[in-house]
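For reference, the structure is listed below as structure tokens.
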Amino acid sequence: MQRIQTITPCLWFDHQAQEAAQFYCSIFERSRITHVSHYGKAGFEFHGRPEGSVMSVVFELDGQAFTALNGGPAFTFNEAISLQVHCRTQAELDHYWSALGFGGPPQAQQCGWLKDRFGLSWQIVPQVLAQMMCDPDPSRSQRVMQALLGMKKLDIQRLQRAFDGKS
């Protein structure tokens with residue numbers, strides 16, 4: 001029996017929900033737009049959106065369901081909500097870093113964080129980072145943390161060298 005996803009992130013956009021969903025689906029494998037709904041006459045006094053304009057887009061990124069809502073400019077993204085991408089290799093990390101950062105603010109943040117062109121924050125991290133940070137030897141995890149704090153885009157080899165005490 002297939003498990004039904006019970007929690008779906010809803011990302012609020014001013015008017016770019018469909019554009020954002022298409023952008024994200026172009027980056028991640030096994031991704032697709034599954035539904036697009038449109039505003040009708042009902043509720044115009046509340047939403048102010050033209051009849052027929054896109055209201056929401058349901059999409060999947062690598063099998064994870066999301067909803068993108070054209071809710072107007074009342075709320076914008078900030079770092080209080082972000083998405084993490086866990087990468088197996090440096091090539092994969094480099095791919096997501098470049099693709100998601102394309103058209104976004106030129107200044108990346110430290111520790112693998114960046115904002116995309118819609119203002120959504122992403123952290124692009126190697127899968128091994130959690131293991132390194134939770135290592136029972138505190139000197140290993142502290143060396144990794146020190147290396148991590150000095151990076152914007154993460155470098156798996158540098159993190160591994162720090163973990164191994166070879167930095």
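Quick note on naming: the chains in the structure tokens go A, B, ... in the order shown, residues restart at 1 in each chain, and ligands are numbered from 1 in order of appearance.
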With a cut-off of 12 Å, could you pull out the residues of region 19-79 of chain A touching region 95-115 of chain A and give me the nearest pair of atoms for each, distance in Å to one decimal, using only C-alpha atoms, ordered by chain and ascending number, as a tab-separated table?
residue	atom	partner	partner_atom	distance
A:Ala20	CA	A:Leu100	CA	10.8
A:Phe23	CA	A:Leu100	CA	8.7
A:Tyr24	CA	A:Leu100	CA	7.8
A:Cys25	CA	A:Leu100	CA	11.0
A:Ser26	CA	A:Ala99	CA	9.2
A:Ile27	CA	A:Ala99	CA	6.6
A:Phe28	CA	A:Tyr96	CA	8.4
A:Glu29	CA	A:Tyr96	CA	11.2
A:Phe77	CA	A:Lys115	CA	9.6
A:Asn78	CA	A:Lys115	CA	9.2
A:Glu79	CA	A:Lys115	CA	8.9
Would you mind exporting the chosen residues as an mmCIF file, in the first residue's frame, restricted to C-alpha atoms?
data_model
loop_
_atom_site.group_PDB
_atom_site.id
_atom_site.type_symbol
_atom_site.label_atom_id
_atom_site.label_comp_id
_atom_site.auth_asym_id
_atom_site.auth_seq_id
_atom_site.Cartn_x
_atom_site.Cartn_y
_atom_site.Cartn_z
ATOM 1 C CA ALA A 20 8.256 29.040 -10.038
ATOM 2 C CA PHE A 23 11.498 26.461 -12.803
ATOM 3 C CA TYR A 24 11.779 24.016 -9.898
ATOM 4 C CA CYS A 25 10.487 21.094 -12.002
ATOM 5 C CA SER A 26 13.143 21.832 -14.628
ATOM 6 C CA ILE A 27 15.887 21.387 -12.013
ATOM 7 C CA PHE A 28 14.883 18.227 -10.153
ATOM 8 C CA GLU A 29 14.504 14.782 -11.698
ATOM 9 C CA PHE A 77 9.741 34.576 1.732
ATOM 10 C CA ASN A 78 12.394 34.957 4.387
ATOM 11 C CA GLU A 79 14.956 32.649 5.941
#
Expected answer as a PDB file with all heavy atoms, in the first residue's frame: helix (DSSP H, G or I) residues in region 40-95 of chain A:
ATOM      1  N   PHE A  44     -13.758  37.484  -5.502  1.00  0.00           N
ATOM      2  CA  PHE A  44     -12.966  38.574  -6.080  1.00  0.00           C
ATOM      3  C   PHE A  44     -12.766  39.710  -5.082  1.00  0.00           C
ATOM      4  O   PHE A  44     -11.695  40.315  -5.042  1.00  0.00           O
ATOM      5  CB  PHE A  44     -13.611  39.103  -7.371  1.00  0.00           C
ATOM      6  CG  PHE A  44     -12.821  40.228  -7.987  1.00  0.00           C
ATOM      7  CD1 PHE A  44     -11.707  39.948  -8.764  1.00  0.00           C
ATOM      8  CD2 PHE A  44     -13.168  41.554  -7.773  1.00  0.00           C
ATOM      9  CE1 PHE A  44     -10.955  40.980  -9.323  1.00  0.00           C
ATOM     10  CE2 PHE A  44     -12.423  42.590  -8.331  1.00  0.00           C
ATOM     11  CZ  PHE A  44     -11.316  42.295  -9.113  1.00  0.00           C
ATOM     12  N   GLU A  45     -13.804  39.977  -4.260  1.00  0.00           N
ATOM     13  CA  GLU A  45     -13.686  41.072  -3.293  1.00  0.00           C
ATOM     14  C   GLU A  45     -12.598  40.804  -2.251  1.00  0.00           C
ATOM     15  O   GLU A  45     -12.099  41.727  -1.612  1.00  0.00           O
ATOM     16  CB  GLU A  45     -15.038  41.338  -2.598  1.00  0.00           C
ATOM     17  CG  GLU A  45     -15.555  40.186  -1.747  1.00  0.00           C
ATOM     18  CD  GLU A  45     -16.304  39.100  -2.521  1.00  0.00           C
ATOM     19  OE1 GLU A  45     -16.274  39.070  -3.761  1.00  0.00           O
ATOM     20  OE2 GLU A  45     -16.924  38.258  -1.853  1.00  0.00           O
ATOM     21  N   PHE A  46     -12.178  39.544  -2.119  1.00  0.00           N
ATOM     22  CA  PHE A  46     -11.113  39.207  -1.178  1.00  0.00           C
ATOM     23  C   PHE A  46      -9.750  39.086  -1.856  1.00  0.00           C
ATOM     24  O   PHE A  46      -8.763  39.594  -1.346  1.00  0.00           O
ATOM     25  CB  PHE A  46     -11.423  37.882  -0.451  1.00  0.00           C
ATOM     26  CG  PHE A  46     -12.677  37.942   0.359  1.00  0.00           C
ATOM     27  CD1 PHE A  46     -13.818  37.313  -0.083  1.00  0.00           C
ATOM     28  CD2 PHE A  46     -12.711  38.638   1.556  1.00  0.00           C
ATOM     29  CE1 PHE A  46     -14.992  37.366   0.654  1.00  0.00           C
ATOM     30  CE2 PHE A  46     -13.870  38.698   2.306  1.00  0.00           C
ATOM     31  CZ  PHE A  46     -15.019  38.066   1.856  1.00  0.00           C
ATOM     32  N   HIS A  47      -9.714  38.392  -2.987  1.00  0.00           N
ATOM     33  CA  HIS A  47      -8.421  38.126  -3.627  1.00  0.00           C
ATOM     34  C   HIS A  47      -8.057  39.138  -4.700  1.00  0.00           C
ATOM     35  O   HIS A  47      -6.879  39.316  -4.984  1.00  0.00           O
ATOM     36  CB  HIS A  47      -8.345  36.692  -4.178  1.00  0.00           C
ATOM     37  CG  HIS A  47      -9.392  36.343  -5.180  1.00  0.00           C
ATOM     38  ND1 HIS A  47      -9.423  36.843  -6.451  1.00  0.00           N
ATOM     39  CD2 HIS A  47     -10.458  35.501  -5.086  1.00  0.00           C
ATOM     40  CE1 HIS A  47     -10.443  36.349  -7.115  1.00  0.00           C
ATOM     41  NE2 HIS A  47     -11.103  35.525  -6.300  1.00  0.00           N
ATOM     42  N   GLN A  90      29.797  15.876  -5.134  1.00  0.00           N
ATOM     43  CA  GLN A  90      30.096  17.294  -5.361  1.00  0.00           C
ATOM     44  C   GLN A  90      29.474  17.762  -6.672  1.00  0.00           C
ATOM     45  O   GLN A  90      28.981  18.882  -6.757  1.00  0.00           O
ATOM     46  CB  GLN A  90      31.608  17.538  -5.365  1.00  0.00           C
ATOM     47  CG  GLN A  90      31.984  19.009  -5.402  1.00  0.00           C
ATOM     48  CD  GLN A  90      31.597  19.750  -4.130  1.00  0.00           C
ATOM     49  OE1 GLN A  90      31.823  19.258  -3.030  1.00  0.00           O
ATOM     50  NE2 GLN A  90      31.008  20.925  -4.263  1.00  0.00           N
ATOM     51  N   ALA A  91      29.474  16.911  -7.686  1.00  0.00           N
ATOM     52  CA  ALA A  91      28.865  17.291  -8.972  1.00  0.00           C
ATOM     53  C   ALA A  91      27.376  17.582  -8.797  1.00  0.00           C
ATOM     54  O   ALA A  91      26.855  18.547  -9.366  1.00  0.00           O
ATOM     55  CB  ALA A  91      29.078  16.189 -10.006  1.00  0.00           C
ATOM     56  N   GLU A  92      26.697  16.756  -8.013  1.00  0.00           N
ATOM     57  CA  GLU A  92      25.276  16.984  -7.756  1.00  0.00           C
ATOM     58  C   GLU A  92      25.079  18.287  -6.973  1.00  0.00           C
ATOM     59  O   GLU A  92      24.211  19.089  -7.299  1.00  0.00           O
ATOM     60  CB  GLU A  92      24.720  15.786  -6.978  1.00  0.00           C
ATOM     61  CG  GLU A  92      23.225  15.780  -6.838  1.00  0.00           C
ATOM     62  CD  GLU A  92      22.716  14.536  -6.108  1.00  0.00           C
ATOM     63  OE1 GLU A  92      23.490  13.839  -5.416  1.00  0.00           O
ATOM     64  OE2 GLU A  92      21.511  14.272  -6.237  1.00  0.00           O
ATOM     65  N   LEU A  93      25.908  18.500  -5.959  1.00  0.00           N
ATOM     66  CA  LEU A  93      25.843  19.725  -5.175  1.00  0.00           C
ATOM     67  C   LEU A  93      26.072  20.939  -6.073  1.00  0.00           C
ATOM     68  O   LEU A  93      25.320  21.916  -6.010  1.00  0.00           O
ATOM     69  CB  LEU A  93      26.889  19.665  -4.058  1.00  0.00           C
ATOM     70  CG  LEU A  93      26.817  20.736  -2.991  1.00  0.00           C
ATOM     71  CD1 LEU A  93      27.231  20.155  -1.645  1.00  0.00           C
ATOM     72  CD2 LEU A  93      27.682  21.921  -3.328  1.00  0.00           C
ATOM     73  N   ASP A  94      27.082  20.884  -6.931  1.00  0.00           N
ATOM     74  CA  ASP A  94      27.382  21.988  -7.852  1.00  0.00           C
ATOM     75  C   ASP A  94      26.199  22.264  -8.785  1.00  0.00           C
ATOM     76  O   ASP A  94      25.875  23.419  -9.067  1.00  0.00           O
ATOM     77  CB  ASP A  94      28.632  21.675  -8.681  1.00  0.00           C
ATOM     78  CG  ASP A  94      29.906  21.613  -7.844  1.00  0.00           C
ATOM     79  OD1 ASP A  94      29.909  22.071  -6.682  1.00  0.00           O
ATOM     80  OD2 ASP A  94      30.904  21.074  -8.368  1.00  0.00           O
ATOM     81  N   HIS A  95      25.569  21.197  -9.277  1.00  0.00           N
ATOM     82  CA  HIS A  95      24.418  21.340 -10.173  1.00  0.00           C
ATOM     83  C   HIS A  95      23.287  22.111  -9.498  1.00  0.00           C
ATOM     84  O   HIS A  95      22.767  23.087 -10.053  1.00  0.00           O
ATOM     85  CB  HIS A  95      23.920  19.964 -10.630  1.00  0.00           C
ATOM     86  CG  HIS A  95      22.530  19.994 -11.187  1.00  0.00           C
ATOM     87  ND1 HIS A  95      22.227  20.532 -12.428  1.00  0.00           N
ATOM     88  CD2 HIS A  95      21.352  19.579 -10.654  1.00  0.00           C
ATOM     89  CE1 HIS A  95      20.916  20.451 -12.634  1.00  0.00           C
ATOM     90  NE2 HIS A  95      20.371  19.869 -11.578  1.00  0.00           N
TER      91      HIS A  95
END
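You can rank A:Pro73, A:Gly43, A:Pro50, A:Pro126 by their closest distance to Asp155 (chain A) using only C-alpha atoms, and at the top of that list sits A:Pro126.
In this comparison, which uses only C-alpha atoms, the residue of A:Gly72, A:Gly40, A:Gly63, A:Gly48 approaching Leu11 (chain A) most closely is A:Gly72.
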Using only C-alpha atoms, which of A:Pro9, A:Gly119, A:Gly52, A:Gly165 sits nearest Ser141 (chain A)? A:Gly165
Could you check how far CA of Lys166 (chain A) sits from CA of Met145 (chain A), in Å to one decimal?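 For CA of Lys166 (chain A) relative to CA of Met145 (chain A), the distance reads 14.3 Å.
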Within 8 Å of Arg32 (chain A) using only C-alpha atoms, minus same-chain residues under 3 positions, as an NGL selection string: :A and (25 or 59-61)
To one decimal place in Å, what is the distance between CA of Leu83 (chain A) and CA of Ile156 (chain A)? 19.3 Å
Run DSSP on the backbone and grab whatever in chain A lands in strand (DSSP E); send it over as a VMD selection string. chain A and resid 10 to 13 32 to 38 54 to 61 64 to 70 82 to 87 113 to 115 121 to 126
Would you mind telling me which residue in A:Ser56, A:Gln16, A:Gln64, A:Thr34 lies nearest to Ile4 (chain A) when using only C-alpha atoms?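 Looking at the shortest contact to Ile4 (chain A), the residue is A:Gln64.
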